[in-house]
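Asks: I am sharing final.cif, which consists of mmCIF, C-alpha atoms:
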```
data_data
loop_
_atom_site.label_atom_id
_atom_site.label_comp_id
_atom_site.auth_asym_id
_atom_site.auth_seq_id
_atom_site.Cartn_x
_atom_site.Cartn_y
_atom_site.Cartn_z
CA MET A 171 0.00 0.00 0.00
CA LEU A 172 2.80 2.43 0.93
CA THR A 173 4.57 1.68 -2.34
CA PHE A 174 1.41 2.39 -4.31
CA LEU A 175 0.90 5.68 -2.46
CA GLY A 176 4.50 6.67 -3.12
CA PHE A 177 4.35 6.13 -6.85
CA LEU A 178 0.88 7.71 -6.95
CA MET A 179 2.28 10.78 -5.20
CA ILE A 180 5.15 11.14 -7.67
CA PHE A 181 2.88 10.35 -10.66
CA ILE A 182 0.35 13.04 -9.68
CA PHE A 183 3.15 15.53 -9.04
CA MET A 184 4.72 14.88 -12.44
CA ILE A 185 1.38 15.10 -14.27
CA LEU A 186 0.52 18.42 -12.62
CA ILE A 187 3.95 19.86 -13.38
CA MET A 188 4.24 18.57 -16.94
CA ASN A 189 0.78 19.89 -17.82
CA LYS A 190 1.46 23.16 -15.98
CA LYS A 191 -1.57 22.81 -13.74
CA MET A 192 0.44 23.84 -10.67
CA THR A 193 3.74 25.53 -9.95
CA PRO A 194 6.48 23.24 -8.58
CA LEU A 195 6.13 24.89 -5.17
CA THR A 196 2.40 24.28 -4.78
CA ALA A 197 2.64 20.74 -6.17
CA LEU A 198 5.55 19.87 -3.87
CA VAL A 199 3.44 20.85 -0.87
CA ILE A 200 -0.17 20.05 -1.78
CA VAL A 201 0.33 16.60 -3.35
CA PRO A 202 2.24 14.88 -0.51
CA VAL A 203 0.08 16.51 2.18
CA THR A 204 -3.10 15.30 0.46
CA ILE A 205 -1.77 11.76 0.00
CA ALA A 206 -0.51 11.62 3.61
CA LEU A 207 -3.88 12.74 4.97
CA PHE A 208 -5.65 10.16 2.79
CA ALA A 209 -3.29 7.44 4.11
CA GLY A 210 -4.06 8.32 7.74
CA PHE A 211 -0.79 10.06 8.62
CA GLY A 212 -2.56 13.22 9.80
CA PRO A 213 -1.33 13.11 13.45
CA GLN A 214 2.31 12.67 12.38
CA LEU A 215 2.16 15.05 9.43
CA GLY A 216 3.45 18.10 11.29
CA ASP A 217 6.58 16.35 12.57
CA MET A 218 7.27 14.81 9.15
CA MET A 219 7.16 18.18 7.41
CA LYS A 220 9.16 19.89 10.16
CA ASN A 221 11.93 17.29 9.96
CA GLY A 222 11.99 17.53 6.17
CA VAL A 223 12.32 21.31 6.24
CA LYS A 224 15.00 21.10 8.95
CA GLU A 225 17.13 18.77 6.84
CA ILE A 226 17.02 21.13 3.88
CA ALA A 227 17.13 24.43 5.79
CA LEU A 228 20.87 25.07 5.36
CA THR A 229 20.60 24.31 1.66
CA GLY A 230 17.78 26.82 1.37
CA VAL A 231 19.76 29.51 3.20
CA MET A 232 22.80 28.79 1.03
CA LEU A 233 20.83 29.15 -2.20
CA ILE A 234 19.18 32.40 -1.10
CA PHE A 235 22.49 34.11 -0.39
CA ALA A 236 24.31 32.43 -3.28
CA ILE A 237 21.76 33.93 -5.67
CA LEU A 238 22.05 37.34 -4.02
CA TYR A 239 25.86 37.19 -4.09
CA PHE A 240 26.28 36.10 -7.70
CA SER A 241 23.50 38.43 -8.84
CA LEU A 242 25.34 41.30 -7.18
CA MET A 243 28.57 40.26 -8.91
CA ILE A 244 26.76 40.17 -12.26
CA ASP A 245 25.46 43.68 -11.59
CA THR A 246 28.98 44.91 -10.85
CA GLY A 247 30.21 43.48 -14.16
CA LEU A 248 32.57 40.85 -12.68
CA PHE A 249 31.74 38.27 -15.34
CA GLU A 250 31.84 40.64 -18.32
CA PRO A 251 35.55 39.98 -19.16
CA LEU A 252 34.91 36.21 -19.06
CA VAL A 253 31.84 36.61 -21.26
CA ASN A 254 33.81 38.74 -23.72
CA ILE A 255 36.63 36.17 -23.87
CA ILE A 256 34.17 33.34 -24.50
CA LEU A 257 32.31 35.45 -27.04
CA LYS A 258 35.53 36.08 -28.98
CA ALA A 259 36.29 32.36 -28.90
CA VAL A 260 32.87 31.17 -30.10
CA GLY A 261 31.94 34.13 -32.28
CA ASP A 262 28.36 33.96 -33.48
CA ASN A 263 28.36 30.19 -33.80
CA PRO A 264 25.78 28.25 -31.73
CA ILE A 265 27.77 25.03 -32.16
CA LYS A 266 30.85 26.53 -30.51
CA THR A 267 28.62 28.04 -27.82
CA THR A 268 27.03 24.71 -26.87
CA ILE A 269 30.35 22.86 -26.88
CA GLY A 270 31.86 25.68 -24.81
CA THR A 271 28.99 25.29 -22.34
CA ALA A 272 29.76 21.58 -21.93
CA VAL A 273 33.49 22.12 -21.43
CA LEU A 274 33.02 25.05 -19.03
CA THR A 275 30.50 23.08 -16.95
CA ALA A 276 32.84 20.09 -16.72
CA LEU A 277 35.70 22.31 -15.54
CA VAL A 278 33.67 24.30 -13.02
CA SER A 279 32.06 21.08 -11.72
CA LEU A 280 35.45 19.89 -10.46
CA ASP A 281 34.61 21.58 -7.15
CA GLY A 282 31.83 19.02 -6.69
CA ASP A 283 29.16 21.58 -5.84
CA GLY A 284 26.25 21.71 -8.27
CA SER A 285 24.81 24.97 -7.00
CA SER A 286 27.99 27.00 -7.52
CA THR A 287 28.44 25.36 -10.94
CA TYR A 288 24.97 26.47 -12.03
CA LEU A 289 25.51 30.00 -10.76
CA ILE A 290 28.89 30.46 -12.47
CA VAL A 291 28.08 28.78 -15.80
CA VAL A 292 24.65 30.39 -16.23
CA ALA A 293 26.11 33.79 -15.36
CA ALA A 294 28.84 33.32 -17.97
CA MET A 295 26.84 31.68 -20.77
CA LEU A 296 23.28 33.02 -20.62
CA PRO A 297 24.28 36.43 -22.06
CA LEU A 298 25.77 34.59 -25.06
CA TYR A 299 22.61 32.55 -25.57
CA LYS A 300 20.55 35.74 -25.45
CA LYS A 301 22.84 37.58 -27.86
CA GLN A 302 22.76 34.71 -30.36
CA GLY A 303 19.00 34.14 -29.90
CA MET A 304 19.41 30.57 -28.67
CA ASN A 305 16.83 28.60 -26.67
CA PRO A 306 17.82 28.69 -22.95
CA LEU A 307 16.55 25.10 -22.58
CA ILE A 308 19.68 24.06 -24.49
CA LEU A 309 21.77 25.77 -21.83
CA THR A 310 20.05 24.03 -18.91
CA CYS A 311 20.14 20.70 -20.74
CA ILE A 312 23.90 20.77 -21.40
CA ILE A 313 24.75 22.08 -17.94
CA MET A 314 22.75 19.32 -16.30
CA LEU A 315 24.14 16.58 -18.56
CA ALA A 316 27.74 17.56 -17.77
CA GLY A 317 26.95 18.16 -14.11
CA GLN A 318 25.44 14.70 -13.74
CA ILE A 319 28.62 13.03 -15.00
CA MET A 320 30.88 15.15 -12.78
CA ASN A 321 28.60 14.44 -9.82
CA ILE A 322 30.32 11.03 -9.59
CA LEU A 323 33.46 12.71 -8.20
CA PRO A 324 34.14 11.39 -4.66
CA TRP A 325 33.48 14.81 -3.13
CA GLY A 326 30.32 15.27 -5.19
CA GLY A 327 28.00 13.18 -3.02
CA PRO A 328 26.80 9.83 -4.45
CA THR A 329 30.25 8.19 -4.63
CA ALA A 330 30.98 9.22 -1.06
CA ARG A 331 27.68 7.66 -0.01
CA VAL A 332 28.54 4.41 -1.80
CA MET A 333 31.97 4.24 -0.14
CA SER A 334 30.46 5.01 3.28
CA SER A 335 27.56 2.59 2.90
CA LEU A 336 29.73 -0.33 1.69
CA LYS A 337 32.81 0.63 3.74
CA LEU A 338 35.01 0.69 0.66
CA GLY A 339 37.71 3.12 -0.49
CA HIS A 340 37.93 5.37 -3.52
CA THR A 341 40.34 2.96 -5.23
CA GLU A 342 37.62 0.28 -5.34
CA ILE A 343 34.72 2.57 -6.30
CA PHE A 344 35.84 5.81 -7.91
CA VAL A 345 39.15 5.11 -9.69
CA PRO A 346 37.65 2.40 -11.98
CA MET A 347 34.84 4.84 -12.84
CA ILE A 348 37.21 7.48 -14.29
CA PRO A 349 37.16 6.00 -17.85
CA ILE A 350 33.35 5.90 -17.66
CA MET A 351 33.27 9.55 -16.67
CA ASP A 352 35.60 10.41 -19.56
CA ILE A 353 33.32 8.62 -22.02
CA GLY A 354 30.33 10.33 -20.42
CA ILE A 355 31.85 13.78 -20.93
CA LEU A 356 32.64 12.94 -24.56
CA TRP A 357 28.98 11.95 -24.96
CA VAL A 358 27.88 15.28 -23.49
CA ILE A 359 30.15 17.17 -25.91
CA PHE A 360 28.67 15.13 -28.77
CA VAL A 361 25.14 16.00 -27.60
CA ALA A 362 26.19 19.66 -27.32
CA TYR A 363 27.36 19.53 -30.93
CA ILE A 364 24.03 18.04 -32.07
CA LEU A 365 21.98 20.62 -30.15
CA GLY A 366 24.17 23.48 -31.36
CA ARG A 367 23.89 22.36 -34.98
CA ARG A 368 20.10 22.03 -34.70
CA GLU A 369 19.85 25.47 -33.15
CA LYS A 370 22.04 27.00 -35.85
CA ILE A 371 19.73 25.57 -38.53
CA ARG A 372 16.63 26.70 -36.62
CA ILE A 373 17.92 30.28 -36.27
CA ALA A 374 18.77 30.39 -39.98
CA LYS A 375 15.23 29.29 -40.89
CA HIS A 376 13.01 30.87 -38.24
CA GLY A 377 15.09 33.62 -36.64
CA LYS A 378 16.34 34.18 -33.12
CA PHE A 379 14.62 32.94 -29.97
CA THR A 380 13.09 35.91 -28.18
CA ARG A 381 10.84 34.48 -25.42
CA TYR A 382 13.26 35.03 -22.55
CA ASN A 383 12.08 35.32 -18.97
CA SER A 384 12.87 38.78 -17.63
CA ASN A 385 13.23 37.27 -14.13
CA ASP A 386 16.29 35.16 -14.93
CA ILE A 387 19.59 35.81 -13.11
CA ILE A 388 20.92 38.18 -15.77
CA GLY A 389 17.84 40.38 -15.89
CA GLU A 390 17.98 43.87 -17.31
CA ALA A 391 21.41 45.49 -17.18
CA ASP A 392 21.63 48.61 -15.03
CA PRO A 393 24.70 50.70 -15.93
CA SER A 394 24.47 52.60 -12.65
CA LEU A 395 25.31 49.38 -10.77
CA ARG A 396 28.52 48.65 -12.73
CA ARG A 397 31.74 48.81 -10.68
CA PRO A 398 34.60 48.27 -13.19
CA LYS A 399 37.21 49.82 -10.86
CA LEU A 400 36.43 47.18 -8.20
CA ILE A 401 36.66 44.15 -10.48
CA LEU A 402 39.95 42.88 -8.96
CA ILE A 403 38.58 43.21 -5.43
CA ASN A 404 35.38 41.41 -6.42
CA LEU A 405 37.41 38.68 -8.14
CA ALA A 406 39.58 38.21 -5.03
CA LEU A 407 36.48 38.00 -2.85
CA THR A 408 34.88 35.44 -5.16
CA ILE A 409 38.04 33.30 -5.31
CA THR A 410 38.29 33.43 -1.51
CA LEU A 411 34.68 32.30 -1.28
CA LEU A 412 35.35 29.36 -3.62
CA VAL A 413 38.43 28.35 -1.59
CA VAL A 414 36.40 28.46 1.62
CA MET A 415 33.77 26.33 -0.09
CA ILE A 416 36.26 23.72 -1.35
CA LEU A 417 38.09 23.48 2.00
CA ASP A 418 34.77 23.42 3.87
CA ILE A 419 36.04 25.93 6.42
CA VAL A 420 32.56 27.14 7.40
CA PRO A 421 29.08 26.01 6.29
CA LEU A 422 28.48 27.18 2.73
CA GLY A 423 25.30 29.07 3.57
CA ILE A 424 27.15 31.11 6.20
CA ALA A 425 30.04 31.73 3.78
CA PHE A 426 27.69 33.13 1.12
CA MET A 427 25.86 35.23 3.73
CA ILE A 428 29.11 36.83 4.93
CA ALA A 429 30.43 37.26 1.38
CA PHE A 430 27.22 38.96 0.24
CA CYS A 431 27.31 41.41 3.15
CA ILE A 432 30.98 42.27 2.50
CA ALA A 433 30.37 42.66 -1.24
CA SER A 434 27.36 44.92 -0.60
CA ILE A 435 29.39 47.26 1.60
CA ILE A 436 32.40 47.37 -0.75
CA ASN A 437 30.45 47.94 -3.97
CA TYR A 438 27.45 49.90 -2.70
CA PRO A 439 28.31 51.85 0.45
CA LYS A 440 25.08 53.87 0.18
CA LEU A 441 22.14 52.26 1.96
CA LYS A 442 19.69 52.98 -0.86
CA ASP A 443 21.93 51.12 -3.34
CA GLN A 444 22.14 48.11 -1.04
CA GLN A 445 18.36 48.08 -0.72
CA LYS A 446 18.06 48.38 -4.50
CA ILE A 447 20.23 45.27 -4.99
CA ILE A 448 18.22 43.21 -2.49
CA SER A 449 14.85 44.28 -3.88
CA LYS A 450 16.04 43.65 -7.46
CA HIS A 451 17.00 40.03 -6.79
CA ALA A 452 14.72 39.10 -3.89
CA GLY A 453 12.16 37.61 -6.29
CA ASN A 454 14.67 35.11 -7.69
CA ALA A 455 15.98 34.18 -4.26
CA LEU A 456 12.50 33.74 -2.78
CA SER A 457 11.31 31.72 -5.76
CA VAL A 458 14.16 29.21 -5.43
CA ALA A 459 13.99 29.08 -1.64
CA GLY A 460 10.26 28.42 -1.76
CA MET A 461 10.75 25.42 -4.04
CA ILE A 462 13.63 24.15 -1.88
CA PHE A 463 11.52 24.19 1.28
CA GLY A 464 8.64 22.65 -0.69
CA ALA A 465 10.98 19.82 -1.67
CA GLY A 466 11.83 19.47 2.03
CA ILE A 467 8.17 18.89 2.84
CA PHE A 468 7.87 16.39 -0.03
CA THR A 469 10.89 14.33 1.05
CA GLY A 470 10.01 14.72 4.74
CA ILE A 471 6.66 13.04 4.16
CA LEU A 472 8.20 10.36 1.93
CA ASN A 473 10.78 9.51 4.60
CA GLY A 474 8.68 9.97 7.72
CA SER A 475 5.79 7.84 6.46
CA GLY A 476 8.10 5.00 5.38
CA ILE A 477 6.89 5.38 1.79
CA MET A 478 10.37 5.90 0.36
CA GLN A 479 11.77 2.75 2.00
CA ALA A 480 8.73 0.75 0.92
CA MET A 481 9.14 1.92 -2.68
CA GLY A 482 12.76 0.81 -2.71
CA ASN A 483 12.06 -2.60 -1.19
CA SER A 484 9.18 -3.24 -3.58
CA MET A 485 11.30 -2.38 -6.60
CA ILE A 486 13.90 -4.91 -5.44
CA GLU A 487 11.28 -7.63 -4.92
CA ILE A 488 9.97 -7.40 -8.49
CA VAL A 489 13.33 -8.57 -9.87
CA PRO A 490 12.93 -12.29 -10.81
CA LYS A 491 15.33 -14.63 -9.01
CA SER A 492 16.39 -16.00 -12.39
CA TRP A 493 18.06 -12.66 -13.06
CA GLY A 494 20.43 -13.16 -10.12
CA GLY A 495 23.41 -13.89 -12.37
CA TYR A 496 22.93 -10.51 -14.01
CA MET A 497 22.69 -8.59 -10.73
CA ASN A 498 25.37 -6.16 -11.91
CA ILE A 499 23.35 -5.17 -14.99
CA VAL A 500 20.07 -5.18 -13.04
CA THR A 501 21.62 -2.89 -10.40
CA ALA A 502 22.88 -0.48 -13.07
CA LEU A 503 19.53 -0.39 -14.87
CA PHE A 504 17.47 -0.04 -11.70
CA SER A 505 19.77 2.72 -10.41
CA ILE A 506 18.20 4.99 -13.04
CA PRO A 507 14.64 4.95 -11.61
CA PHE A 508 15.93 4.46 -8.04
CA THR A 509 18.01 7.64 -8.10
CA PHE A 510 15.22 9.53 -9.89
CA PHE A 511 12.34 8.60 -7.58
CA LEU A 512 14.34 8.32 -4.33
CA SER A 513 16.87 10.57 -2.68
CA ASN A 514 20.54 9.60 -2.82
CA ASP A 515 20.53 8.97 0.92
CA ALA A 516 17.51 6.66 0.70
CA TYR A 517 19.01 4.69 -2.17
CA TYR A 518 22.65 4.39 -1.15
CA PHE A 519 22.09 3.91 2.58
CA GLY A 520 18.76 2.08 2.50
CA ILE A 521 18.53 0.11 -0.74
CA LEU A 522 22.10 -0.53 -1.90
CA PRO A 523 23.08 -2.59 1.20
CA ILE A 524 20.14 -4.92 0.46
CA ILE A 525 21.28 -5.28 -3.15
CA VAL A 526 24.86 -5.99 -2.03
CA ALA A 527 23.69 -8.61 0.50
CA THR A 528 21.78 -10.35 -2.29
CA GLY A 529 24.79 -10.10 -4.59
CA HIS A 530 27.05 -11.63 -1.91
CA GLN A 531 24.93 -14.80 -1.97
CA LEU A 532 25.40 -14.91 -5.74
CA GLY A 533 29.15 -14.36 -5.57
CA ILE A 534 29.09 -10.78 -6.91
CA SER A 535 31.55 -8.47 -5.13
CA PRO A 536 30.32 -5.31 -3.35
CA GLU A 537 32.60 -2.99 -5.36
CA ILE A 538 31.06 -4.23 -8.63
CA LEU A 539 27.55 -3.45 -7.40
CA GLY A 540 28.71 -0.18 -5.84
CA ARG A 541 30.06 1.01 -9.20
CA ALA A 542 26.94 -0.26 -10.99
CA SER A 543 24.76 1.79 -8.63
CA LEU A 544 26.43 5.00 -9.88
CA ILE A 545 25.30 4.49 -13.48
CA GLY A 546 21.92 6.05 -12.71
CA GLN A 547 23.58 9.36 -11.82
CA GLY A 548 23.33 10.17 -15.52
CA SER A 549 19.64 10.96 -14.89
CA HIS A 550 19.57 11.75 -11.17
CA LEU A 551 19.73 15.55 -11.28
CA LEU A 552 16.51 15.71 -13.31
CA SER A 553 14.60 14.40 -10.30
CA PRO A 554 12.09 16.81 -8.71
CA LEU A 555 13.57 15.76 -5.35
CA VAL A 556 16.94 17.43 -6.11
CA PRO A 557 16.95 20.99 -4.71
CA SER A 558 19.68 22.36 -7.00
CA THR A 559 17.55 21.56 -10.07
CA TYR A 560 15.17 24.35 -9.11
CA LEU A 561 18.11 26.72 -8.80
CA LEU A 562 19.23 25.96 -12.37
CA ILE A 563 15.84 26.52 -13.97
CA SER A 564 15.26 29.71 -11.99
CA LEU A 565 18.64 31.12 -12.98
CA ALA A 566 18.00 30.43 -16.66
CA GLY A 567 14.35 31.53 -16.49
CA VAL A 568 12.81 28.27 -17.80
CA GLU A 569 9.97 26.08 -16.55
CA PHE A 570 10.72 22.80 -14.76
CA SER A 571 8.31 20.89 -17.00
CA ASP A 572 9.91 22.26 -20.19
CA HIS A 573 13.38 21.48 -18.88
CA LEU A 574 12.38 17.92 -17.95
CA LYS A 575 10.79 17.17 -21.31
CA TYR A 576 13.71 18.67 -23.23
CA THR A 577 16.51 17.00 -21.25
CA LEU A 578 15.10 13.59 -20.27
CA LYS A 579 15.95 11.64 -23.44
CA TRP A 580 19.52 12.96 -23.48
CA ALA A 581 19.95 12.16 -19.78
CA LEU A 582 18.72 8.61 -20.32
CA GLY A 583 21.18 8.43 -23.20
CA SER A 584 23.98 9.34 -20.77
CA SER A 585 23.04 6.44 -18.50
CA VAL A 586 22.85 4.01 -21.43
CA ILE A 587 26.26 5.13 -22.77
CA MET A 588 27.79 4.78 -19.29
CA LEU A 589 26.26 1.32 -18.84
CA LEU A 590 27.48 0.03 -22.20
CA SER A 591 30.93 1.49 -21.59
CA ALA A 592 31.13 -0.08 -18.13
CA LEU A 593 30.20 -3.48 -19.55
CA VAL A 594 32.62 -3.28 -22.47
CA LEU A 595 35.52 -2.12 -20.24
CA GLY A 596 34.68 -4.66 -17.53
CA ILE A 597 34.12 -1.98 -14.89
CA ILE A 598 30.96 -3.66 -13.60
#
```
Now that the file is in, can you turn its structure into structure tokens?
Replies:
Amino acid sequence: MLTFLGFLMIFIFMILIMNKKMTPLTALVIVPVTIALFAGFGPQLGDMMKNGVKEIALTGVMLIFAILYFSLMIDTGLFEPLVNIILKAVGDNPIKTTIGTAVLTALVSLDGDGSSTYLIVVAAMLPLYKKQGMNPLILTCIIMLAGQIMNILPWGGPTARVMSSLKLGHTEIFVPMIPIMDIGILWVIFVAYILGRREKIRIAKHGKFTRYNSNDIIGEADPSLRRPKLILINLALTITLLVVMILDIVPLGIAFMIAFCIASIINYPKLKDQQKIISKHAGNALSVAGMIFGAGIFTGILNGSGIMQAMGNSMIEIVPKSWGGYMNIVTALFSIPFTFFLSNDAYYFGILPIIVATGHQLGISPEILGRASLIGQGSHLLSPLVPSTYLLISLAGVEFSDHLKYTLKWALGSSVIMLLSALVLGII
């Protein structure tokens, strides 16, 4: 029953979002609350939602001040030299622009933090997409495809969870995955070429894309907010912030909060200018934060009611025993829906140990199944349960439903390419 309710909850959510009957925020809150009340979890509902919001609170704070900080830096003109350099390199060629997006995302993603990657790459590339009249869905698609591959880095999250859950080291789990990641990035560059070529043909036939959302991170340029004389100071502050983030000196949300306050004082000493910056970008920050806390309620109910665990166990039970000899392939294939419908914590700490215990009886080593479980990361970031996804679409000014429909087939392609490569190379 719990499994049915879980899939029903996600199915209703996806239908409402895809058909644009509700905003992601309202669907993330209304759908799980309704299902939980129907299932008789009314008395526990408050605690479930509170715990879910608590778990995601620091992420929400981080995203609010990250948006304010990077928006302020865009206003000051910090990224203009980078944009100009990229623009000179790609010219007016959509193919070069899309390939450049893939390469830049892969490089920036080396820090392992998806949120900062989205902020930096969108800030650098969205002006180019606007100037060339390209569809911003191409931007979000390529960024997410590259980000999903780089998410396998040990400090990115899922690989660390696998190593912790199975008590294995990076040499058993991550190092053998490096060739798979390389092939995955080459696939993303190939997809970027295809999308860039299609867009170049479309622009030649039908003209430039003009339906941009005025509420994206770039917004309308305000010359009065430019601070070209402070560009070196702003660059030093931003680099310091990134170092603090990589070394994990203080919680990221606190780091962005402090950095934003310092940047505000340095660039806009007058109180009215500081208020202007906050009011200009508060809509973006609130929009993302609202969806993040909505996702907290959604996952809080899934976890607190036991629905998420039940979904995982049921999906394992439907695998026929005759498939036991192919547990490595089954694990890789099932990691795609598992990591889409469940959180990484629920899958890698709750479900993977069960899979590994089953594999042990069949003589399949834990490291093989641990690596196989990472194949699904090629589609994971498209999940509505991933908070940073809402940051990406808000920054680029696109709808979640449009982004999902545009990117899904390419993301599934990433997982298929990674699976085939892992089998051919003997990684799993």
Asks: Excluding A:Met232 and residues on its chain fewer than 4 positions from it, collect all residues at most 9 Å away from it, counting all atoms listed in the file, and give them as a count of residues only.
Replies: 11
Asks: Residues at most 10 Å from A:Pro398, counting all atoms listed in the file, excluding those fewer than 4 positions away in the same chain, as a ChimeraX atom specification?
Replies: /A:246-248,250,402,404
Asks: Could you tell me which of A:Ile403, A:Leu178, A:Ile308, A:Ile448 comes closest to A:Arg368 if we count all atoms listed in the file?
Replies: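 Residue with the minimum atom-to-atom distance to A:Arg368: A:Ile308.
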Asks: Could you work out how far atom CA of A:Asn189 lies from atom CA of A:Ala206, giving the answer in Å with one decimal?
Replies: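 Separating atom CA of A:Ala206 from atom CA of A:Asn189 is a distance of 23.0 Å.
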Asks: Evaluate the PyMOL selection byres ((chain A and resi 581-595) around 9) and record the selected residues as a compact mmCIF listing (two decimals) with C-alpha atoms, in the frame of the given file, following the chain and residue labels used in the document.
Replies:
```
# COMPACT_ATOMS: atom_id res chain seq x y z
CA CYS A 311 20.14 20.70 -20.74
CA MET A 314 22.75 19.32 -16.30
CA LEU A 315 24.14 16.58 -18.56
CA GLN A 318 25.44 14.70 -13.74
CA ILE A 319 28.62 13.03 -15.00
CA MET A 347 34.84 4.84 -12.84
CA PRO A 349 37.16 6.00 -17.85
CA ILE A 350 33.35 5.90 -17.66
CA MET A 351 33.27 9.55 -16.67
CA ILE A 353 33.32 8.62 -22.02
CA GLY A 354 30.33 10.33 -20.42
CA TRP A 357 28.98 11.95 -24.96
CA VAL A 358 27.88 15.28 -23.49
CA ILE A 499 23.35 -5.17 -14.99
CA ALA A 502 22.88 -0.48 -13.07
CA LEU A 503 19.53 -0.39 -14.87
CA ILE A 506 18.20 4.99 -13.04
CA ALA A 542 26.94 -0.26 -10.99
CA ILE A 545 25.30 4.49 -13.48
CA GLY A 546 21.92 6.05 -12.71
CA GLN A 547 23.58 9.36 -11.82
CA GLY A 548 23.33 10.17 -15.52
CA SER A 549 19.64 10.96 -14.89
CA HIS A 550 19.57 11.75 -11.17
CA LEU A 552 16.51 15.71 -13.31
CA THR A 577 16.51 17.00 -21.25
CA LEU A 578 15.10 13.59 -20.27
CA LYS A 579 15.95 11.64 -23.44
CA TRP A 580 19.52 12.96 -23.48
CA GLY A 596 34.68 -4.66 -17.53
CA ILE A 597 34.12 -1.98 -14.89
CA ILE A 598 30.96 -3.66 -13.60
```
Asks: Evaluating the PyMOL selection byres ((chain A and resi 317) around 10) on the displayed file yields which residues, as a list of chain:residue names?
Replies: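 When the PyMOL selection byres ((chain A and resi 317) around 10) is applied, the selected residues are A:Ala272, A:Thr275, A:Ala276, A:Leu277, A:Val278, A:Ser279, A:Leu280, A:Gly282, A:Asp283, A:Gly284, A:Thr287, A:Tyr288, A:Cys311, A:Ile312, A:Ile313, A:Met314, A:Leu315, A:Ala316, A:Gln318, A:Ile319, A:Met320, A:Asn321, A:Ile322, A:Gly326, A:Ile355, A:Val358, A:Gln547, A:Gly548, A:Leu551.
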Asks: Rebuild N, CA, C and O atoms on stretch 459-470 of chain A, as a PDB file, in the coordinates of the input?
Replies:
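Once everything was written out, this is result_9.pdb:
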```pdb
ATOM      1  N   ALA A 459      14.098  29.536  -3.023  1.00  0.00           N
ATOM      2  CA  ALA A 459      13.990  29.080  -1.640  1.00  0.00           C
ATOM      3  C   ALA A 459      12.643  28.427  -1.368  1.00  0.00           C
ATOM      4  O   ALA A 459      12.564  27.408  -0.669  1.00  0.00           O
ATOM      5  N   GLY A 460      11.587  29.006  -1.946  1.00  0.00           N
ATOM      6  CA  GLY A 460      10.260  28.420  -1.760  1.00  0.00           C
ATOM      7  C   GLY A 460      10.195  27.000  -2.279  1.00  0.00           C
ATOM      8  O   GLY A 460       9.651  26.090  -1.623  1.00  0.00           O
ATOM      9  N   MET A 461      10.768  26.776  -3.467  1.00  0.00           N
ATOM     10  CA  MET A 461      10.750  25.420  -4.040  1.00  0.00           C
ATOM     11  C   MET A 461      11.635  24.467  -3.234  1.00  0.00           C
ATOM     12  O   MET A 461      11.317  23.286  -3.084  1.00  0.00           O
ATOM     13  N   ILE A 462      12.747  24.990  -2.693  1.00  0.00           N
ATOM     14  CA  ILE A 462      13.630  24.150  -1.880  1.00  0.00           C
ATOM     15  C   ILE A 462      12.908  23.675  -0.630  1.00  0.00           C
ATOM     16  O   ILE A 462      12.942  22.491  -0.278  1.00  0.00           O
ATOM     17  N   PHE A 463      12.230  24.579   0.057  1.00  0.00           N
ATOM     18  CA  PHE A 463      11.520  24.190   1.280  1.00  0.00           C
ATOM     19  C   PHE A 463      10.309  23.319   0.946  1.00  0.00           C
ATOM     20  O   PHE A 463       9.928  22.449   1.726  1.00  0.00           O
ATOM     21  N   GLY A 464       9.707  23.545  -0.232  1.00  0.00           N
ATOM     22  CA  GLY A 464       8.640  22.650  -0.690  1.00  0.00           C
ATOM     23  C   GLY A 464       9.159  21.242  -0.899  1.00  0.00           C
ATOM     24  O   GLY A 464       8.504  20.254  -0.527  1.00  0.00           O
ATOM     25  N   ALA A 465      10.358  21.133  -1.481  1.00  0.00           N
ATOM     26  CA  ALA A 465      10.980  19.820  -1.670  1.00  0.00           C
ATOM     27  C   ALA A 465      11.280  19.176  -0.321  1.00  0.00           C
ATOM     28  O   ALA A 465      11.208  17.942  -0.174  1.00  0.00           O
ATOM     29  N   GLY A 466      11.602  19.996   0.681  1.00  0.00           N
ATOM     30  CA  GLY A 466      11.830  19.470   2.030  1.00  0.00           C
ATOM     31  C   GLY A 466      10.581  18.832   2.604  1.00  0.00           C
ATOM     32  O   GLY A 466      10.640  17.771   3.241  1.00  0.00           O
ATOM     33  N   ILE A 467       9.436  19.470   2.377  1.00  0.00           N
ATOM     34  CA  ILE A 467       8.170  18.890   2.840  1.00  0.00           C
ATOM     35  C   ILE A 467       7.886  17.589   2.101  1.00  0.00           C
ATOM     36  O   ILE A 467       7.472  16.581   2.701  1.00  0.00           O
ATOM     37  N   PHE A 468       8.122  17.577   0.790  1.00  0.00           N
ATOM     38  CA  PHE A 468       7.870  16.390  -0.030  1.00  0.00           C
ATOM     39  C   PHE A 468       8.712  15.209   0.470  1.00  0.00           C
ATOM     40  O   PHE A 468       8.193  14.113   0.734  1.00  0.00           O
ATOM     41  N   THR A 469      10.016  15.418   0.610  1.00  0.00           N
ATOM     42  CA  THR A 469      10.890  14.330   1.050  1.00  0.00           C
ATOM     43  C   THR A 469      10.668  13.988   2.516  1.00  0.00           C
ATOM     44  O   THR A 469      10.825  12.824   2.925  1.00  0.00           O
ATOM     45  N   GLY A 470      10.304  14.984   3.325  1.00  0.00           N
ATOM     46  CA  GLY A 470      10.010  14.720   4.740  1.00  0.00           C
ATOM     47  C   GLY A 470       8.850  13.757   4.905  1.00  0.00           C
ATOM     48  O   GLY A 470       8.900  12.835   5.734  1.00  0.00           O
TER      49      GLY A 470
END
```
